[in-house]
$ cat upload_1.tsv   # TSV, C-alpha atoms
chain	number	residue	atom	x	y	z
A	28	MET	CA	0.00	0.00	0.00
A	29	LEU	CA	2.77	2.44	0.90
A	30	LYS	CA	4.70	1.74	-2.31
A	31	LEU	CA	1.56	2.24	-4.39
A	32	ALA	CA	0.71	5.50	-2.61
A	33	ILE	CA	4.24	6.90	-2.97
A	34	LEU	CA	4.36	6.07	-6.68
A	35	GLY	CA	0.83	7.40	-7.17
A	36	PHE	CA	1.51	10.77	-5.57
A	37	LEU	CA	4.81	11.14	-7.41
A	38	HIS	CA	3.02	10.38	-10.68
A	39	ASP	CA	0.99	13.55	-10.03
A	40	ARG	CA	4.09	15.70	-9.54
A	41	PRO	CA	7.53	15.73	-7.91
A	42	LEU	CA	7.35	16.25	-4.15
A	43	HIS	CA	9.66	16.96	-1.24
A	44	GLY	CA	9.71	14.21	1.39
A	45	TYR	CA	7.72	16.35	3.82
A	46	GLU	CA	5.05	17.09	1.20
A	47	LEU	CA	4.82	13.40	0.33
A	48	ARG	CA	4.39	12.53	4.00
A	49	ARG	CA	1.52	15.06	4.30
A	50	HIS	CA	-0.22	13.59	1.24
A	51	LEU	CA	0.18	10.07	2.59
A	52	ALA	CA	-1.17	11.10	5.99
A	53	ALA	CA	-4.21	12.69	4.34
A	54	LEU	CA	-4.91	9.48	2.42
A	55	THR	CA	-4.12	6.86	5.05
A	56	GLY	CA	-2.98	8.55	8.23
A	57	HIS	CA	-6.30	8.42	10.05
A	58	VAL	CA	-6.29	4.65	9.72
A	59	ARG	CA	-2.65	3.70	9.49
A	60	PRO	CA	-0.30	6.54	10.46
A	61	ILE	CA	3.00	6.40	8.61
A	62	SER	CA	6.08	7.18	10.65
A	63	ASP	CA	9.33	8.57	9.32
A	64	GLY	CA	10.88	5.23	10.27
A	65	THR	CA	8.57	3.56	7.76
A	66	LEU	CA	8.41	6.21	5.04
A	67	TYR	CA	12.06	7.05	4.50
A	68	PRO	CA	13.30	3.44	4.27
A	69	ALA	CA	10.49	2.81	1.74
A	70	ILE	CA	11.68	5.82	-0.29
A	71	LYS	CA	15.26	4.51	-0.17
A	72	ARG	CA	14.11	1.06	-1.39
A	73	LEU	CA	12.15	2.62	-4.26
A	74	GLU	CA	15.18	4.73	-5.14
A	75	ALA	CA	17.47	1.66	-5.02
A	76	ASP	CA	15.01	-0.17	-7.28
A	77	GLY	CA	15.22	2.69	-9.81
A	78	LEU	CA	11.56	3.67	-9.39
A	79	LEU	CA	12.25	7.19	-8.16
A	80	VAL	CA	15.12	9.64	-8.04
A	81	ARG	CA	16.01	12.16	-5.39
A	82	THR	CA	17.60	15.50	-6.25
A	83	ALA	CA	18.92	18.02	-3.75
A	84	GLU	CA	17.86	21.65	-3.96
A	85	PRO	CA	19.20	24.48	-1.82
A	86	GLY	CA	17.13	24.85	1.34
A	87	ALA	CA	15.52	28.12	2.38
A	88	ALA	CA	17.37	28.14	5.70
A	89	ALA	CA	20.31	25.77	5.73
A	90	ALA	CA	19.87	22.13	4.83
A	91	PRO	CA	19.18	21.16	1.22
A	92	ARG	CA	15.70	19.90	0.38
A	93	HIS	CA	15.31	16.67	-1.52
A	94	THR	CA	12.79	16.47	-4.32
A	95	LEU	CA	11.48	13.04	-5.26
A	96	ARG	CA	10.59	12.32	-8.89
A	97	LEU	CA	9.14	9.23	-10.50
A	98	THR	CA	11.30	7.52	-13.11
A	99	ASP	CA	9.94	5.87	-16.25
A	100	ALA	CA	10.38	2.53	-14.47
A	101	GLY	CA	8.45	3.90	-11.48
A	102	ARG	CA	5.65	5.07	-13.73
A	103	ALA	CA	5.52	1.64	-15.40
A	104	ALA	CA	5.52	-0.14	-11.99
A	105	LEU	CA	2.63	2.05	-10.81
A	106	LEU	CA	0.56	1.39	-13.92
A	107	ASP	CA	1.26	-2.36	-13.75
A	108	ARG	CA	0.15	-2.44	-10.11
A	109	LEU	CA	-3.01	-0.49	-10.94
A	110	ARG	CA	-3.86	-2.82	-13.83
A	111	ALA	CA	-3.43	-5.91	-11.66
A	112	PRO	CA	-3.82	-5.08	-7.97
A	113	GLU	CA	-3.17	-7.83	-5.45
A	114	ASP	CA	-6.20	-9.64	-4.04
A	115	LEU	CA	-5.72	-7.86	-0.71
A	116	ASP	CA	-5.72	-4.51	-2.54
A	117	VAL	CA	-9.26	-5.32	-3.69
A	118	SER	CA	-10.60	-6.87	-0.47
A	119	ASP	CA	-9.09	-4.62	2.21
A	120	GLU	CA	-11.01	-1.32	2.34
A	121	ASN	CA	-7.99	0.84	3.19
A	122	ARG	CA	-5.85	-0.70	0.48
A	123	TRP	CA	-8.80	-0.44	-1.94
A	124	PHE	CA	-9.06	3.30	-1.30
A	125	THR	CA	-5.38	3.63	-2.15
A	126	VAL	CA	-5.94	1.83	-5.46
A	127	LEU	CA	-9.00	3.96	-6.11
A	128	ALA	CA	-7.08	7.17	-5.37
A	129	PHE	CA	-4.75	6.50	-8.30
A	130	LEU	CA	-6.84	4.43	-10.73
A	131	ARG	CA	-7.29	7.58	-12.82
A	132	HIS	CA	-3.65	7.21	-13.87
A	133	LEU	CA	-4.87	4.45	-16.20
A	134	ASP	CA	-6.39	7.24	-18.29
A	135	GLY	CA	-7.09	6.10	-21.79
A	136	GLU	CA	-7.57	2.54	-20.51
A	137	PRO	CA	-11.25	2.32	-19.53
A	138	ALA	CA	-11.28	-1.46	-20.01
A	139	ALA	CA	-8.39	-1.86	-17.56
A	140	GLN	CA	-10.07	0.45	-15.04
A	141	ALA	CA	-13.33	-1.48	-15.45
A	142	ALA	CA	-11.55	-4.81	-14.89
A	143	VAL	CA	-10.28	-3.56	-11.52
A	144	LEU	CA	-13.73	-2.28	-10.53
A	145	ARG	CA	-15.29	-5.60	-11.55
A	146	ARG	CA	-12.96	-7.41	-9.17
A	147	ARG	CA	-14.14	-5.18	-6.32
A	148	LEU	CA	-17.77	-5.65	-7.39
A	149	ALA	CA	-17.33	-9.44	-7.32
A	150	PHE	CA	-15.73	-9.24	-3.87
A	151	LEU	CA	-18.54	-7.07	-2.46
A	152	SER	CA	-21.20	-9.31	-4.01
A	153	GLU	CA	-20.13	-12.32	-1.92
A	154	PRO	CA	-22.09	-12.83	1.31
A	155	ALA	CA	-19.93	-11.66	4.21
A	156	SER	CA	-20.11	-10.40	7.76
A	157	PHE	CA	-17.87	-9.48	10.63
A	158	PHE	CA	-19.56	-12.27	12.58
A	159	TYR	CA	-20.52	-15.84	11.70
A	160	ASP	CA	-22.69	-18.59	13.10
A	161	GLY	CA	-20.72	-21.54	11.80
A	162	ALA	CA	-20.37	-20.82	8.07
A	163	HIS	CA	-23.44	-18.54	8.04
A	164	PRO	CA	-22.69	-14.79	7.89
A	165	VAL	CA	-24.69	-13.07	10.64
A	166	GLY	CA	-26.80	-10.06	9.60
A	167	ALA	CA	-27.68	-7.00	11.69
A	168	GLU	CA	-31.19	-8.31	12.29
A	169	GLU	CA	-29.77	-11.41	13.96
A	170	VAL	CA	-27.65	-9.58	16.53
A	171	ASP	CA	-28.84	-8.47	19.98
A	172	ASP	CA	-25.67	-6.50	20.80
A	173	PRO	CA	-26.39	-2.88	19.75
A	174	PHE	CA	-22.72	-2.19	19.02
A	175	ARG	CA	-22.25	-5.16	16.75
A	176	ARG	CA	-25.60	-4.35	15.11
A	177	GLY	CA	-24.28	-0.83	14.53
A	178	MET	CA	-21.14	-2.19	12.89
A	179	LEU	CA	-23.21	-4.38	10.59
A	180	LEU	CA	-25.69	-1.62	9.68
A	181	ILE	CA	-22.91	0.86	8.92
A	182	ALA	CA	-21.07	-1.73	6.82
A	183	ARG	CA	-24.28	-2.56	4.93
A	184	ALA	CA	-24.95	1.12	4.16
A	185	THR	CA	-21.38	1.68	3.04
A	186	THR	CA	-21.41	-1.44	0.87
A	187	THR	CA	-24.75	-0.48	-0.70
A	188	ALA	CA	-23.41	2.98	-1.57
A	189	GLU	CA	-20.22	1.52	-3.01
A	190	LEU	CA	-22.11	-1.07	-5.08
A	191	ASP	CA	-24.29	1.69	-6.54
A	192	TRP	CA	-21.20	3.73	-7.39
A	193	LEU	CA	-19.38	0.72	-8.87
A	194	ARG	CA	-22.30	-0.18	-11.15
A	195	ALA	CA	-22.74	3.42	-12.36
A	196	THR	CA	-19.02	3.87	-12.97
A	197	LEU	CA	-18.74	0.54	-14.76
A	198	ALA	CA	-21.56	1.59	-17.07
A	199	GLU	CA	-19.65	4.80	-17.90
A	200	LEU	CA	-16.39	2.94	-18.47
A	201	ASP	CA	-18.10	0.33	-20.65
A	202	ARG	CA	-19.53	3.11	-22.82
A	203	ALA	CA	-16.06	4.69	-23.08
A	204	ALA	CA	-14.45	1.36	-24.03

$ encode --input "upload_1.tsv" --output "structure tokens"
Amino acid sequence: MLKLAILGFLHDRPLHGYELRRHLAALTGHVRPISDGTLYPAIKRLEADGLLVRTAEPGAAAAPRHTLRLTDAGRAALLDRLRAPEDLDVSDENRWFTVLAFLRHLDGEPAAQAAVLRRRLAFLSEPASFFYDGAHPVGAEEVDDPFRRGMLLIARATTTAELDWLRATLAELDRAA
């Protein structure tokens, strides 16, 4: 998820490390805060893999600022990941939102965008719950605990809204393809 988000934001434009961290926090920070101890080693790995480059610019006060730019290989890696996200990228809501945040970078590829959305639609169409009675997914109506019922009702409303959006967007992408 972090690699995808870094590549996605750098696809938009070159960023200083601090700016990138702010963008990442806005996208994922409320759920999974990203520390400097996680971010900067990830940047170094991406740089070592040739997916981004870092250039030093004179700093306003003293220390130079480093600007991060996506390489052609980084752009290709991002687009490949968007065309074929991992199963967890489709099933985990936080990872899905990261994919969704950058799926527009497959501009000119409505069929590829639609294929990714169809995978999410298939995942959401399977019966599921946070709670099970044996193999049976438990619905909100079957739960006495008001807090668990709340979880299930919120999840149902969110899923219904997402399914509506997915179907409408797929119709648009199919027309474009």

$ closest_residue --input "upload_1.tsv" --among "A:Arg108, A:Arg102, A:Arg92, A:Arg147" --to "Trp192 of chain A" --atoms "only C-alpha atoms"
A:Arg147

$ residues_around --input "upload_1.tsv" --residues "segment 149-152 of chain A" --least-positions-apart "2" --cutoff "8 Å" --atoms "only C-alpha atoms" --output "list of chain:residue names"
A:Val117, A:Ser118, A:Arg145, A:Arg146, A:Arg147, A:Pro154, A:Thr186, A:Leu190

$ residues_around --input "upload_1.tsv" --residues "Glu168 of chain A" --least-positions-apart "5" --cutoff "12 Å" --atoms "all atoms listed in the file" --output "VMD selection string"
chain A and resid 173 175 to 180 183

$ atom_distance --input "upload_1.tsv" --atom1 "atom CA of Ala138 of chain A" --atom2 "atom CA of Ala204 of chain A"
5.8 Å

$ closest_residue --input "upload_1.tsv" --among "A:Leu95, A:Glu120, A:Leu148, A:Pro85" --to "Leu193 of chain A" --atoms "all atoms listed in the file"
A:Leu148
